[in-house]
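Trainee: To be precise about what I am sending: the file is called protein39.txt and holds compact mmCIF, C-alpha atoms.
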```txt
# COMPACT_ATOMS: atom_id res chain seq x y z
CA MET A 1 -57.88 -36.70 73.52
CA SER A 2 -61.22 -35.63 74.93
CA SER A 3 -62.44 -37.14 78.18
CA PRO A 4 -64.81 -40.15 77.92
CA GLY A 5 -68.44 -39.07 77.83
CA LEU A 6 -67.59 -35.48 76.95
CA PRO A 7 -67.86 -34.01 73.46
CA GLY A 8 -64.59 -33.16 71.75
CA GLN A 9 -63.63 -29.62 70.86
CA ASP A 10 -64.63 -30.07 67.20
CA GLU A 11 -68.08 -31.27 68.21
CA ILE A 12 -68.55 -28.28 70.51
CA LEU A 13 -67.49 -25.89 67.74
CA VAL A 14 -69.75 -27.61 65.21
CA ASP A 15 -72.70 -27.34 67.59
CA THR A 16 -71.95 -23.66 68.16
CA VAL A 17 -71.72 -22.84 64.44
CA ASP A 18 -74.83 -24.91 63.72
CA ARG A 19 -76.77 -23.07 66.44
CA LEU A 20 -75.69 -19.60 65.30
CA LEU A 21 -76.77 -20.33 61.74
CA LYS A 22 -80.10 -21.83 62.79
CA GLU A 23 -80.83 -18.79 64.97
CA ALA A 24 -80.86 -16.62 61.84
CA GLY A 25 -83.88 -18.57 60.58
CA ASP A 26 -85.06 -17.36 57.17
CA ASP A 27 -83.53 -13.91 57.57
CA TRP A 28 -81.38 -14.54 54.49
CA ASP A 29 -79.31 -11.40 54.96
CA ARG A 30 -78.38 -12.21 58.56
CA ARG A 31 -77.84 -15.85 57.68
CA ALA A 32 -75.37 -14.98 54.89
CA HIS A 33 -73.57 -12.54 57.15
CA ARG A 34 -73.08 -15.22 59.80
CA PHE A 35 -71.89 -17.72 57.21
CA ALA A 36 -69.36 -15.17 55.91
CA VAL A 37 -67.98 -14.25 59.34
CA LEU A 38 -67.78 -17.85 60.54
CA ALA A 39 -66.24 -19.10 57.28
CA ASP A 40 -63.51 -16.46 57.51
CA ALA A 41 -62.76 -17.55 61.07
CA ALA A 42 -62.79 -21.27 60.22
CA ALA A 43 -60.75 -21.08 57.00
CA PRO A 44 -57.39 -22.00 58.63
CA SER A 45 -58.89 -25.03 60.39
CA ALA A 46 -60.47 -28.36 59.46
CA LEU A 47 -63.75 -27.45 61.17
CA ALA A 48 -65.83 -27.24 57.99
CA ARG A 49 -64.76 -30.66 56.74
CA SER A 50 -65.23 -32.12 60.21
CA TRP A 51 -68.80 -30.82 60.34
CA ARG A 52 -69.64 -32.16 56.89
CA MET A 53 -68.13 -35.57 57.67
CA ARG A 54 -70.05 -35.80 60.94
CA ARG A 55 -73.36 -34.63 59.43
CA PRO A 56 -73.24 -35.41 55.71
CA ARG A 57 -76.95 -34.69 55.19
CA SER A 58 -76.83 -31.23 56.71
CA ALA A 59 -77.40 -28.52 54.09
CA ASP A 60 -75.72 -25.98 56.37
CA ALA A 61 -72.63 -28.18 56.68
CA LEU A 62 -72.42 -28.41 52.87
CA ILE A 63 -72.83 -24.65 52.44
CA PHE A 64 -70.31 -23.95 55.19
CA GLU A 65 -67.61 -26.15 53.68
CA ALA A 66 -68.19 -24.59 50.25
CA TRP A 67 -67.96 -21.10 51.75
CA VAL A 68 -64.75 -21.96 53.61
CA GLU A 69 -63.26 -23.31 50.36
CA LEU A 70 -64.29 -20.07 48.66
CA VAL A 71 -62.50 -18.02 51.34
CA ARG A 72 -59.37 -20.10 50.83
CA GLY A 73 -59.69 -19.81 47.06
CA ARG A 74 -59.88 -16.02 47.20
CA ALA A 75 -56.77 -15.91 49.37
CA GLU A 76 -54.81 -18.27 47.12
CA GLY A 77 -56.10 -17.09 43.75
CA ARG A 78 -57.57 -20.48 42.86
CA MET A 79 -59.77 -23.10 44.48
CA ALA A 80 -58.29 -26.49 45.35
CA ASP A 81 -61.39 -28.38 44.19
CA LEU A 82 -63.87 -26.04 42.59
CA GLN A 83 -66.16 -28.81 41.37
CA ALA A 84 -66.50 -30.37 44.83
CA ALA A 85 -67.41 -26.99 46.35
CA ALA A 86 -69.93 -26.33 43.56
CA ASP A 87 -71.44 -29.80 44.08
CA HIS A 88 -71.91 -28.99 47.78
CA CYS A 89 -73.87 -25.89 46.73
CA TYR A 90 -76.11 -27.82 44.35
CA ARG A 91 -76.81 -30.51 46.96
CA ALA A 92 -77.68 -27.86 49.56
CA ALA A 93 -79.90 -26.03 47.06
CA ASP A 94 -81.83 -29.25 46.43
CA ALA A 95 -82.23 -29.78 50.18
CA VAL A 96 -83.39 -26.22 50.97
CA PRO A 97 -84.86 -24.84 47.72
CA GLU A 98 -86.14 -21.64 49.33
CA ASP A 99 -82.70 -20.60 50.62
CA PRO A 100 -80.60 -18.27 48.38
CA THR A 101 -77.41 -18.99 50.35
CA PRO A 102 -76.16 -21.99 48.31
CA TRP A 103 -76.57 -19.90 45.15
CA VAL A 104 -74.71 -16.97 46.73
CA VAL A 105 -71.72 -19.21 47.47
CA LEU A 106 -71.88 -20.68 43.97
CA LEU A 107 -71.87 -17.14 42.56
CA GLY A 108 -68.64 -16.47 44.48
CA ILE A 109 -67.13 -19.73 43.24
CA LEU A 110 -67.91 -18.88 39.61
CA ARG A 111 -66.47 -15.40 40.10
CA THR A 112 -63.25 -16.88 41.48
CA ALA A 113 -63.11 -19.19 38.47
CA ARG A 114 -63.75 -16.23 36.11
CA ALA A 115 -66.63 -18.14 34.58
CA GLY A 116 -68.51 -16.70 31.63
CA THR A 117 -71.72 -14.72 31.93
CA HIS A 118 -73.70 -17.67 30.53
CA GLU A 119 -72.85 -19.51 33.77
CA VAL A 120 -72.93 -16.58 36.18
CA PHE A 121 -76.21 -14.87 35.30
CA PRO A 122 -78.45 -17.92 35.79
CA VAL A 123 -77.00 -18.27 39.31
CA TRP A 124 -77.52 -14.54 39.91
CA TYR A 125 -81.18 -14.96 38.96
CA GLU A 126 -81.51 -17.91 41.36
CA VAL A 127 -80.33 -15.64 44.21
CA THR A 128 -82.41 -12.59 43.36
CA SER A 129 -85.58 -14.60 42.77
CA ARG A 130 -85.32 -15.65 46.42
CA ASP A 131 -83.90 -12.41 47.90
CA PRO A 132 -83.96 -9.43 45.50
CA TRP A 133 -81.58 -7.23 47.54
CA HIS A 134 -79.09 -9.76 48.86
CA ARG A 135 -76.03 -7.74 49.88
CA GLU A 136 -73.32 -10.37 49.36
CA ALA A 137 -74.68 -11.37 45.95
CA HIS A 138 -74.78 -7.75 44.77
CA LEU A 139 -71.18 -7.14 45.88
CA GLN A 140 -70.08 -10.34 44.11
CA MET A 141 -71.71 -9.18 40.88
CA LEU A 142 -70.33 -5.66 41.22
CA ARG A 143 -66.79 -7.02 41.34
CA TYR A 144 -67.36 -9.74 38.74
CA LEU A 145 -68.51 -7.08 36.26
CA SER A 146 -65.49 -4.84 36.86
CA ALA A 147 -62.83 -4.31 34.20
CA GLU A 148 -60.31 -5.97 36.54
CA GLU A 149 -62.30 -9.22 36.49
CA CYS A 150 -64.72 -10.37 33.80
CA GLY A 151 -66.50 -7.20 32.76
CA SER A 152 -65.78 -3.64 31.78
CA ARG A 153 -66.32 -0.12 33.04
CA SER A 154 -69.54 0.10 31.05
CA SER A 155 -70.93 -3.25 32.25
CA GLN A 156 -70.23 -2.37 35.87
CA SER A 157 -71.68 1.12 35.38
CA ASP A 158 -74.84 -0.37 33.86
CA PHE A 159 -75.17 -2.71 36.82
CA VAL A 160 -74.74 0.11 39.35
CA HIS A 161 -77.28 2.25 37.47
CA ALA A 162 -79.82 -0.59 37.45
CA VAL A 163 -79.39 -1.18 41.19
CA ARG A 164 -79.51 2.53 42.03
CA SER A 165 -82.77 3.04 40.16
CA ALA A 166 -84.56 0.22 41.96
CA VAL A 167 -82.98 -0.53 45.36
CA PRO A 168 -84.91 0.65 48.45
CA ALA A 169 -82.98 3.32 50.36
CA THR A 170 -82.13 1.14 53.36
CA ALA A 171 -82.05 -2.33 51.76
CA PRO A 172 -78.99 -4.53 52.39
CA ALA A 173 -77.74 -3.81 48.85
CA ALA A 174 -78.09 -0.03 49.14
CA GLY A 175 -74.32 0.39 49.46
CA VAL A 176 -73.51 -0.95 45.98
CA GLU A 177 -73.02 2.45 44.34
CA LEU A 178 -70.92 3.84 47.18
CA THR A 179 -68.82 0.67 47.17
CA ALA A 180 -68.20 1.10 43.44
CA LEU A 181 -67.12 4.72 43.93
CA VAL A 182 -64.75 3.92 46.80
CA GLU A 183 -63.18 1.08 44.79
CA GLU A 184 -62.80 3.41 41.80
CA HIS A 185 -61.16 5.99 44.08
CA ALA A 186 -58.74 3.31 45.30
CA ARG A 187 -57.88 2.14 41.76
CA VAL A 188 -57.19 5.66 40.50
CA THR A 189 -55.10 6.52 43.56
CA ALA A 190 -53.04 3.34 43.20
CA LYS A 191 -52.19 4.15 39.57
CA GLY A 192 -50.68 7.51 40.51
CA GLY A 193 -50.06 10.27 38.00
CA VAL A 194 -52.27 13.24 37.19
CA GLU A 195 -55.50 11.28 37.66
CA ALA A 196 -54.52 10.42 41.22
CA LEU A 197 -53.85 14.07 41.98
CA LEU A 198 -57.35 14.94 40.78
CA VAL A 199 -59.13 11.94 42.29
CA ARG A 200 -61.06 14.03 44.83
CA ASN A 201 -62.96 15.57 41.90
CA MET A 202 -64.89 12.32 41.51
CA TRP A 203 -66.70 13.18 44.74
CA THR A 204 -67.81 16.57 43.40
CA ASN A 205 -69.24 15.34 40.09
CA ASN A 206 -72.86 14.29 39.75
CA ARG A 207 -72.25 10.61 40.50
CA GLY A 208 -70.33 11.28 43.67
CA THR A 209 -72.54 14.00 45.09
CA THR A 210 -75.71 12.06 44.33
CA ALA A 211 -74.44 8.86 45.95
CA LEU A 212 -73.32 10.72 49.08
CA ALA A 213 -76.54 12.74 49.27
CA THR A 214 -78.66 9.60 49.03
CA ALA A 215 -76.68 7.81 51.74
CA LEU A 216 -76.61 10.84 54.04
CA ALA A 217 -80.37 11.25 53.73
CA ASP A 218 -81.13 7.71 54.82
CA TRP A 219 -78.27 5.97 56.63
CA PRO A 220 -76.94 8.03 59.58
CA HIS A 221 -80.10 7.89 61.68
CA PRO A 222 -80.62 5.49 64.61
CA GLY A 223 -82.48 2.38 63.52
CA ARG A 224 -82.65 3.18 59.81
CA LEU A 225 -80.19 0.54 58.65
CA GLN A 226 -81.33 -2.83 59.96
CA HIS A 227 -79.33 -5.32 57.90
CA ALA A 228 -76.59 -7.43 59.46
CA ALA A 229 -73.70 -5.52 57.86
CA ALA A 230 -75.14 -2.07 58.60
CA VAL A 231 -72.05 -1.02 60.55
CA ALA A 232 -69.87 -1.93 57.56
CA ASP A 233 -71.94 0.33 55.33
CA LEU A 234 -71.71 3.15 57.87
CA ASN A 235 -67.91 2.72 57.88
CA LEU A 236 -68.07 2.92 54.08
CA LEU A 237 -70.03 6.16 54.23
CA ALA A 238 -67.68 7.70 56.80
CA PHE A 239 -64.67 6.80 54.66
CA ALA A 240 -66.28 8.24 51.53
CA LEU A 241 -67.10 11.50 53.31
CA VAL A 242 -63.52 11.77 54.53
CA ARG A 243 -62.17 11.15 51.02
CA ALA A 244 -64.59 13.74 49.67
CA GLY A 245 -63.31 16.36 52.14
CA ARG A 246 -66.68 16.45 53.93
CA VAL A 247 -65.54 15.45 57.41
CA ARG A 248 -67.97 17.84 59.13
CA GLU A 249 -70.89 15.96 57.57
CA SER A 250 -69.63 12.63 58.92
CA THR A 251 -70.28 13.40 62.60
CA GLU A 252 -73.56 11.50 62.97
CA THR A 253 -72.19 8.58 60.97
CA PHE A 254 -69.18 8.23 63.27
CA ARG A 255 -71.45 8.50 66.32
CA LEU A 256 -73.58 5.63 65.06
CA ILE A 257 -70.51 3.52 64.28
CA GLY A 258 -69.13 3.96 67.79
CA ASP A 259 -65.92 1.95 68.13
CA THR A 260 -66.80 -0.75 65.59
CA VAL A 261 -64.25 -0.17 62.86
CA THR A 262 -64.22 -2.45 59.81
CA PRO A 263 -60.87 -3.21 58.12
CA TRP A 264 -62.19 -2.26 54.67
CA PRO A 265 -62.21 0.45 53.38
CA TRP A 266 -59.96 2.08 56.02
CA SER A 267 -57.12 -0.28 55.09
CA LEU A 268 -56.92 1.47 51.71
CA ASP A 269 -55.14 4.37 53.45
CA GLY A 270 -52.97 2.41 55.88
CA ASP A 271 -53.62 0.94 59.31
CA PRO A 272 -57.45 0.66 59.59
CA LEU A 273 -57.68 1.37 63.31
CA GLY A 274 -55.29 4.30 63.09
CA GLU A 275 -57.07 5.86 60.11
CA PHE A 276 -60.50 5.37 61.62
CA SER A 277 -59.47 6.76 65.00
CA TYR A 278 -57.84 9.82 63.45
CA TRP A 279 -60.84 10.79 61.35
CA ARG A 280 -63.36 9.92 64.06
CA ALA A 281 -61.55 12.31 66.41
CA LYS A 282 -61.63 14.98 63.70
CA ALA A 283 -65.34 14.49 63.11
CA LEU A 284 -66.35 14.43 66.75
CA GLY A 285 -63.84 16.97 68.02
```
Go ahead and render the structure in this file as structure tokens.
Mentor:
Amino acid sequence: MSSPGLPGQDEILVDTVDRLLKEAGDDWDRRAHRFAVLADAAAPSALARSWRMRRPRSADALIFEAWVELVRGRAEGRMADLQAAADHCYRAADAVPEDPTPWVVLLGILRTARAGTHEVFPVWYEVTSRDPWHREAHLQMLRYLSAEECGSRSSQSDFVHAVRSAVPATAPAAGVELTALVEEHARVTAKGGVEALLVRNMWTNNRGTTALATALADWPHPGRLQHAAAVADLNLLAFALVRAGRVRESTETFRLIGDTVTPWPWSLDGDPLGEFSYWRAKALG
């Protein structure tokens, strides 16, 4: 039990989460990044429900609980109460109509449910009408449109092409094409066989060389990437350069990353920290 007159641990945690989210203001990219990180951390606990029960009118509490349920649903392959999480998103969207975040979470929920495009695309438009280059929303759509989920190679390719032709070079969603290539590399490698033996060739064809050239021209320069997950995109670029056999060109990228290794995509090749450390030493040595 907490001492009389002192806030309990849950209340302190709720206040901390609430403050961190409010500090992001209307920087939708940074706000979504904080929601994602905090929801991952809170998923094993009852913090999200506790916050919503204590402050039932808080839009952030509704979004946070829905995001936590989404994290759990991804881990388990299904959501315990999809409709309740979706209702939280709709209530939050009504409360803060300018905020794309409730729609971003709803997009993830529909993806988890493998909903049809007639449900998904209206939500996608709600997000992009508020924040055209929302990173999390673009990654959700990229994966939703994959052949492994609810799309096909051609539908995902069309999406990547549309993003590539319009996205500003250093926007939060600029890593969509490189993400698609790294995930394709991982899929082909996992299948094995002749294709896996030749997988490096994908980095020497027009798609691969163009994506790497674009990223190298704009990303590995101090201050160029300003979005909240910039270090994750730099890790992505470093990994892609390593897979492409272009370690020498990754030096500046590794310098900018410093010691901040992200689990994905390094986990595709084994222990993330070990893989990152090995290739960083190669690049900087």
Trainee: With only C-alpha atoms as the counted atoms, please give the residues lying no more than 9 Å from Leu47 in chain A, apart from itself and same-chain residues fewer than 5 positions off, as a list in words.
Mentor: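 The residues satisfying every condition are Asp10, Leu13, Val14, Ala42, Arg52 and Glu65 of chain A.
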Trainee: Residues of range 125-234 of chain A that have any atom at most 8 Å from an atom of range 103-115 of chain A: could you tabulate them with the shortest-distance atom pair and the distance in Å to one decimal, using only C-alpha atoms, ordered by chain and increasing number, as CSV?
Mentor:
```
residue,atom,partner,partner_atom,distance
A:Glu126,CA,A:Trp103,CA,6.5
A:Val127,CA,A:Trp103,CA,5.8
A:Glu136,CA,A:Val104,CA,7.2
A:Ala137,CA,A:Val104,CA,5.7
A:Gln140,CA,A:Gly108,CA,6.3
A:Tyr144,CA,A:Arg111,CA,5.9
A:Glu149,CA,A:Arg114,CA,7.2
A:Cys150,CA,A:Arg114,CA,6.4
```
Trainee: Considering only C-alpha atoms, return as a PDB file with C-alpha atoms, in the coordinates of the input whatever protein or nucleic-acid residues lie within 7 Å of range 83-89 of chain A, sequence-local ones (same chain, fewer than 4 positions apart) excluded.
Mentor:
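Once written, around.pdb looks like this:
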```
ATOM      1  CA  LEU A  62     -72.420 -28.410  52.870  1.00  0.00           C
ATOM      2  CA  ILE A  63     -72.830 -24.650  52.440  1.00  0.00           C
ATOM      3  CA  ALA A  66     -68.190 -24.590  50.250  1.00  0.00           C
ATOM      4  CA  GLU A  69     -63.260 -23.310  50.360  1.00  0.00           C
ATOM      5  CA  ALA A  93     -79.900 -26.030  47.060  1.00  0.00           C
ATOM      6  CA  PRO A 102     -76.160 -21.990  48.310  1.00  0.00           C
ATOM      7  CA  TRP A 103     -76.570 -19.900  45.150  1.00  0.00           C
ATOM      8  CA  LEU A 106     -71.880 -20.680  43.970  1.00  0.00           C
TER       9      LEU A 106
END
```
Trainee: For Ala41 in chain A, which of A:Trp67, A:Glu119, A:Leu216, A:Ser155 is the closest residue, counting all atoms listed in the file?
Mentor: A:Trp67
Trainee: Which neighbours of Ala186 in chain A fall inside 12 Å, counting only C-alpha atoms, when residues of the same chain fewer than 3 positions from it are skipped, and could you give them as a list in words?
Mentor: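 Skipping anything fewer than 3 positions along the chain leaves Thr179, Ala180, Leu181, Val182, Glu183, Thr189, Ala190, Lys191, Gly192, Glu195, Ala196, Val199, Arg200, Met202, Phe239, Ala240, Arg243, Trp264, Pro265, Trp266, Ser267, Leu268 and Asp269 of chain A.
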Trainee: Using all atoms listed in the file, can you tell me which of A:Val17, A:Leu197, A:Ala162, A:Ala36 comes closest to Ala174 in chain A?
Mentor: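 Closest candidate: A:Ala162.
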Trainee: Would you kindly return, as a list in words, each protein, DNA or RNA residue with an atom no farther than 10 Å from any atom of His138 in chain A, considering only C-alpha atoms and excluding same-chain residues fewer than 2 positions away?
Mentor: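 Using only C-alpha atoms, the neighbours found are Val104, Trp124, Val127, Thr128, Pro132, Trp133, His134, Arg135, Glu136, Gln140, Met141, Leu142, Arg143, Tyr144, Phe159, Val160, Val163, Pro172, Ala173, Ala174, Gly175 and Val176 of chain A.
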Trainee: For CA of Glu23 in chain A and CA of Ala229 in chain A, determine how far apart the two atoms are, in Å to one decimal place.
Mentor: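 Separating CA of Glu23 in chain A from CA of Ala229 in chain A is a distance of 16.7 Å.
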Trainee: Expressed in Å to a single decimal, how great is the separation between CA of Asn205 in chain A and CA of Leu256 in chain A?
Mentor: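 That distance, rounded to one decimal, is 27.1 Å.
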Trainee: Kindly give the distance, in Å, that separates CA of Arg130 in chain A and CA of Ser58 in chain A, rounded to a single decimal.
Mentor: 20.5 Å
Trainee: Using only C-alpha atoms, can you tell me which of A:Val242, A:Ile257, A:Met53, A:Ala39 comes closest to Pro220 in chain A?
Mentor: A:Ile257
